[in-house]
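Note sheet for the following structure.
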Protein chains: 2
Amino acid sequence: MRPSSVTLTPQELELMKIVWHKGEATVRDVYETLLERRKIAYTTVMTMMRVLEKKGHVKTRRESRAFVYRPTRPERQVVRSMVREFIDRVFNGSAQPLLVHLVEDRRLSPQELEELERLIREAE
Amino acid sequence: MRPSSVTLTPQELELMKIVWHKGEATVRDVYETLLERRKIAYTTVMTMMRVLEKKGHVKTRRESRAFVYRPTRPERQVVRSMVREFIDRVFNGSAQPLLVHLVEDRRLSPQELEELERLIREAE
DNA sequence: TCTCATATACTAATAACTTAGTACTGCTGA
DNA sequence: TCAGCAGTACTAAGTTATTAGTATATGAGA
């Protein structure tokens, strides 16, 4: 059984970030974290957690009455897939134009540029 | 009237790339370019071109019988918005983690790394 | 034990995306 | 002139995403 697509929709990603951050979480945990940011119904979170499970992004175990959800894949791995998918889609698979955009768009502080330079020298 | 969102769906982007590349294009132009890659109906392309127009991504002018579509915004500008949106969504607005991903993921050739180093030095 | 809070199960509605079919129109060449 | 082709207009259907309501189950405290 092939692992389902690793790409997450925007809302799915928002929930997954919470689960990754907490390590594992119940619907209530996620619900309460989300509530700090925006109005959302408990059952909405539940539905989405179930979707995430159906898609294989989380696994559950029962703990007394509630389900505890934990990620099936580490955040780094999923984010990496999303970056790849984005580069394929927008830049036809070539990462370089993206970097040019980033550097030119001045989205990086001098510190970040320096840090990046160091990384490049290590990779070379 | 606020300009509608600049973000494109995957299919919309695919069509827009063709229009950008050609400068301007009719439904037939786009249809034939797409056909080289995959099976698609002429009317499907038409519907999508109309969607792109409704969303403000292209403008049309009538040329004899057919509509000619041309982009309302240059590719660079739209791509830049998409990069920003992606960084906001996936990396909470910080570009640096994305770069670390790219460099570590070895998606760049030595030449590209060098080129990038030069860009950084210019930006600093 | 019985009630209430909390949890899940089931259902559903709306919107956006993607794809495409059918009907209609109007040039254009025979 | 008129048939046919190339084009648009209108319609629609399937899928996924997003949000949430109602019904039901269950455990814990009074």
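Following the order of the structure tokens, chains are lettered A, B, ..., residues in each are numbered from 1, and ligands are numbered from 1.
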
Could you work out which residues of chain A fall inside 8 Å of chain B? Count only C-alpha atoms, and format the result as an MDAnalysis selection string.
chainID A and resid 10 13 79:80 83 89:90 94:96 98:104 106:108 110 112:113 116:117 119:120 123:124

Output for the residues just chosen: N, CA, C and O atoms as a compact mmCIF listing (two decimals), in the first residue's frame:
```txt
# COMPACT_ATOMS: atom_id res chain seq x y z
N PRO A 10 -3.69 23.75 3.13
CA PRO A 10 -3.36 24.79 4.11
C PRO A 10 -3.90 24.50 5.51
O PRO A 10 -3.15 24.60 6.49
N LEU A 13 -2.16 21.54 7.13
CA LEU A 13 -0.83 21.92 7.60
C LEU A 13 -0.91 22.64 8.94
O LEU A 13 -0.11 22.39 9.84
N VAL A 79 7.73 18.75 5.24
CA VAL A 79 8.03 20.08 4.71
C VAL A 79 8.93 19.96 3.49
O VAL A 79 8.75 20.64 2.48
N ARG A 80 9.89 19.07 3.57
CA ARG A 80 10.79 18.85 2.43
C ARG A 80 9.99 18.45 1.19
O ARG A 80 10.22 18.98 0.10
N VAL A 83 8.25 21.47 -0.18
CA VAL A 83 9.17 22.35 -0.91
C VAL A 83 9.42 21.79 -2.31
O VAL A 83 9.37 22.52 -3.30
N ARG A 89 6.22 22.54 -9.26
CA ARG A 89 5.03 23.19 -9.81
C ARG A 89 5.33 24.59 -10.33
O ARG A 89 4.92 24.95 -11.44
N VAL A 90 6.05 25.35 -9.56
CA VAL A 90 6.23 26.76 -9.90
C VAL A 90 7.49 27.00 -10.74
O VAL A 90 7.48 27.81 -11.65
N SER A 94 13.42 23.32 -10.84
CA SER A 94 14.74 23.90 -10.60
C SER A 94 14.73 24.84 -9.41
O SER A 94 13.99 25.82 -9.37
N ALA A 95 15.58 24.55 -8.43
CA ALA A 95 15.55 25.32 -7.19
C ALA A 95 16.20 26.69 -7.33
O ALA A 95 15.86 27.62 -6.62
N GLN A 96 17.08 26.79 -8.29
CA GLN A 96 17.88 28.01 -8.36
C GLN A 96 17.05 29.30 -8.54
O GLN A 96 17.26 30.26 -7.81
N LEU A 98 14.20 29.97 -7.55
CA LEU A 98 13.57 30.28 -6.28
C LEU A 98 14.54 31.04 -5.38
O LEU A 98 14.19 32.05 -4.76
N LEU A 99 15.76 30.56 -5.34
CA LEU A 99 16.76 31.23 -4.51
C LEU A 99 17.03 32.64 -4.98
O LEU A 99 17.13 33.57 -4.18
N VAL A 100 17.10 32.79 -6.28
CA VAL A 100 17.31 34.13 -6.81
C VAL A 100 16.18 35.05 -6.37
O VAL A 100 16.40 36.17 -5.90
N HIS A 101 14.96 34.55 -6.47
CA HIS A 101 13.82 35.31 -5.99
C HIS A 101 14.00 35.74 -4.54
O HIS A 101 13.81 36.89 -4.17
N LEU A 102 14.39 34.78 -3.72
CA LEU A 102 14.49 35.04 -2.29
C LEU A 102 15.55 36.08 -1.98
O LEU A 102 15.32 37.02 -1.22
N VAL A 103 16.70 35.91 -2.60
CA VAL A 103 17.78 36.84 -2.31
C VAL A 103 17.44 38.23 -2.83
O VAL A 103 17.61 39.23 -2.14
N GLU A 104 16.91 38.29 -4.03
CA GLU A 104 16.57 39.59 -4.63
C GLU A 104 15.42 40.27 -3.90
O GLU A 104 15.34 41.48 -3.84
N ARG A 106 14.93 40.41 -0.97
CA ARG A 106 15.37 40.94 0.32
C ARG A 106 14.51 40.41 1.47
O ARG A 106 14.11 41.15 2.35
N ARG A 107 14.24 39.13 1.40
CA ARG A 107 13.47 38.52 2.48
C ARG A 107 14.42 38.01 3.57
O ARG A 107 14.00 37.35 4.49
N LEU A 108 15.70 38.28 3.41
CA LEU A 108 16.68 37.74 4.35
C LEU A 108 17.45 38.86 5.02
O LEU A 108 17.86 39.82 4.37
N PRO A 110 20.77 40.43 6.99
CA PRO A 110 22.21 40.23 6.81
C PRO A 110 22.72 39.01 7.56
O PRO A 110 23.53 38.25 7.02
N GLU A 112 21.08 36.35 8.26
CA GLU A 112 20.63 35.14 7.57
C GLU A 112 21.45 34.91 6.31
O GLU A 112 21.76 33.77 5.96
N LEU A 113 21.80 35.98 5.65
CA LEU A 113 22.62 35.85 4.45
C LEU A 113 23.99 35.25 4.80
O LEU A 113 24.48 34.37 4.10
N LEU A 116 23.66 31.67 5.61
CA LEU A 116 23.44 30.93 4.37
C LEU A 116 24.76 30.74 3.63
O LEU A 116 25.05 29.65 3.11
N GLU A 117 25.55 31.77 3.61
CA GLU A 117 26.86 31.68 2.96
C GLU A 117 27.67 30.55 3.58
O GLU A 117 28.31 29.76 2.87
N LEU A 119 26.54 27.93 5.13
CA LEU A 119 25.94 26.66 4.72
C LEU A 119 26.41 26.24 3.33
O LEU A 119 26.70 25.08 3.08
N ILE A 120 26.46 27.22 2.45
CA ILE A 120 26.85 26.91 1.07
C ILE A 120 28.28 26.43 1.03
O ILE A 120 28.60 25.44 0.37
N ALA A 123 28.44 22.96 2.00
CA ALA A 123 27.87 22.03 1.02
C ALA A 123 28.80 21.83 -0.17
O ALA A 123 28.79 20.78 -0.81
N GLU A 124 29.58 22.85 -0.44
CA GLU A 124 30.42 22.79 -1.65
C GLU A 124 31.54 21.74 -1.53
O GLU A 124 32.03 21.49 -0.44
```

Name the residues in contact with DT28 (chain C) at a cut-off of 10 Å, using only C-alpha atoms (C1' of nucleotides), excluding same-chain residues fewer than 2 positions from it; report them as a ChimeraX atom specification.
/C:26,30 /D:4-5

Go through chain A and flag each residue having an atom no more than 9 Å from chain C; for those, report the closest pair of atoms plus their distance in Å to one decimal, using only C-alpha atoms (C1' of nucleotides), ordered by chain and rising number, as a tab-separated table.
```
residue	atom	partner	partner_atom	distance
A:Met46	CA	C:DT8	C1'	8.8
A:Arg65	CA	C:DA7	C1'	6.4
A:Ala66	CA	C:DA7	C1'	6.2
A:Phe67	CA	C:DA7	C1'	8.9
```

Distance-based interface of chain D with chain A, 9 Å, counting only C-alpha atoms (C1' of nucleotides), as an MDAnalysis selection string:
chainID D and resid 17:21 26:27

Selected residues written out with N, CA, C and O atoms (P, O5', C5', C4', C3', O3' and C1' of nucleotides), as a short mmCIF file (atom, residue, chain, number, x, y, z; two decimals), in the first residue's frame:
```cif
data_model
loop_
_atom_site.label_atom_id
_atom_site.label_comp_id
_atom_site.auth_asym_id
_atom_site.auth_seq_id
_atom_site.Cartn_x
_atom_site.Cartn_y
_atom_site.Cartn_z
P DA D 17 -8.21 17.56 -0.61
"O5'" DA D 17 -8.84 18.89 -0.03
"C5'" DA D 17 -9.06 19.97 -0.89
"C4'" DA D 17 -9.71 21.12 -0.14
"C3'" DA D 17 -9.40 21.20 1.35
"O3'" DA D 17 -9.16 22.57 1.62
"C1'" DA D 17 -11.74 21.10 1.04
P DT D 18 -8.56 23.04 3.05
"O5'" DT D 18 -9.87 23.45 3.84
"C5'" DT D 18 -10.66 24.51 3.34
"C4'" DT D 18 -11.94 24.61 4.11
"C3'" DT D 18 -11.80 24.50 5.63
"O3'" DT D 18 -12.10 25.80 6.16
"C1'" DT D 18 -13.70 23.34 4.83
P DT D 19 -11.98 26.06 7.76
"O5'" DT D 19 -13.48 25.85 8.24
"C5'" DT D 19 -14.53 26.58 7.61
"C4'" DT D 19 -15.86 26.05 8.09
"C3'" DT D 19 -15.92 25.80 9.60
"O3'" DT D 19 -16.79 26.75 10.21
"C1'" DT D 19 -16.90 24.01 8.36
P DA D 20 -16.99 26.77 11.78
"O5'" DA D 20 -18.16 25.71 11.97
"C5'" DA D 20 -19.35 25.91 11.21
"C4'" DA D 20 -20.28 24.74 11.41
"C3'" DA D 20 -20.48 24.36 12.89
"O3'" DA D 20 -21.86 24.31 13.13
"C1'" DA D 20 -20.14 22.47 11.58
P DG D 21 -22.46 24.75 14.53
"O5'" DG D 21 -23.85 23.96 14.48
"C5'" DG D 21 -24.59 23.95 13.24
"C4'" DG D 21 -25.33 22.63 13.11
"C3'" DG D 21 -25.91 22.12 14.43
"O3'" DG D 21 -27.27 21.72 14.25
"C1'" DG D 21 -24.57 20.44 13.42
P DT D 26 -20.41 2.81 24.87
"O5'" DT D 26 -19.45 3.46 25.95
"C5'" DT D 26 -18.57 4.53 25.57
"C4'" DT D 26 -18.22 5.34 26.80
"C3'" DT D 26 -18.42 4.59 28.13
"O3'" DT D 26 -17.38 4.99 29.00
"C1'" DT D 26 -19.54 6.60 28.21
P DG D 27 -16.44 3.86 29.67
"O5'" DG D 27 -15.57 4.76 30.66
"C5'" DG D 27 -15.03 6.00 30.19
"C4'" DG D 27 -15.19 7.07 31.25
"C3'" DG D 27 -15.04 6.59 32.69
"O3'" DG D 27 -14.43 7.64 33.41
"C1'" DG D 27 -17.12 7.59 32.45
#
```

Please extract the residues of chain A with a backbone DSSP assignment of strand (DSSP E) and present them as a list in words.
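Taking chain A and keeping strand (DSSP E) gives Val58, Lys59, Thr60, Arg61, Arg62, Glu63, Ala66, Phe67, Val68, Tyr69, Arg70 and Pro71 of chain A.
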
Show me, as a list in words, the residues that have an atom within 10 Å of Met49 (chain A) when counting only C-alpha atoms (C1' of nucleotides), minus same-chain residues fewer than 5 positions from it.
Glu12, Leu15, Met16, Thr26, Val27, Val30, Thr43, Thr44, Lys54, Lys55, His57, Val58, Lys59, Thr60 and Tyr69 of chain A

Which residues in region 58-120 of chain B does DSSP call alpha helix (DSSP H)? List them as a ChimeraX atom specification.
/B:75-91,95-104,110-120
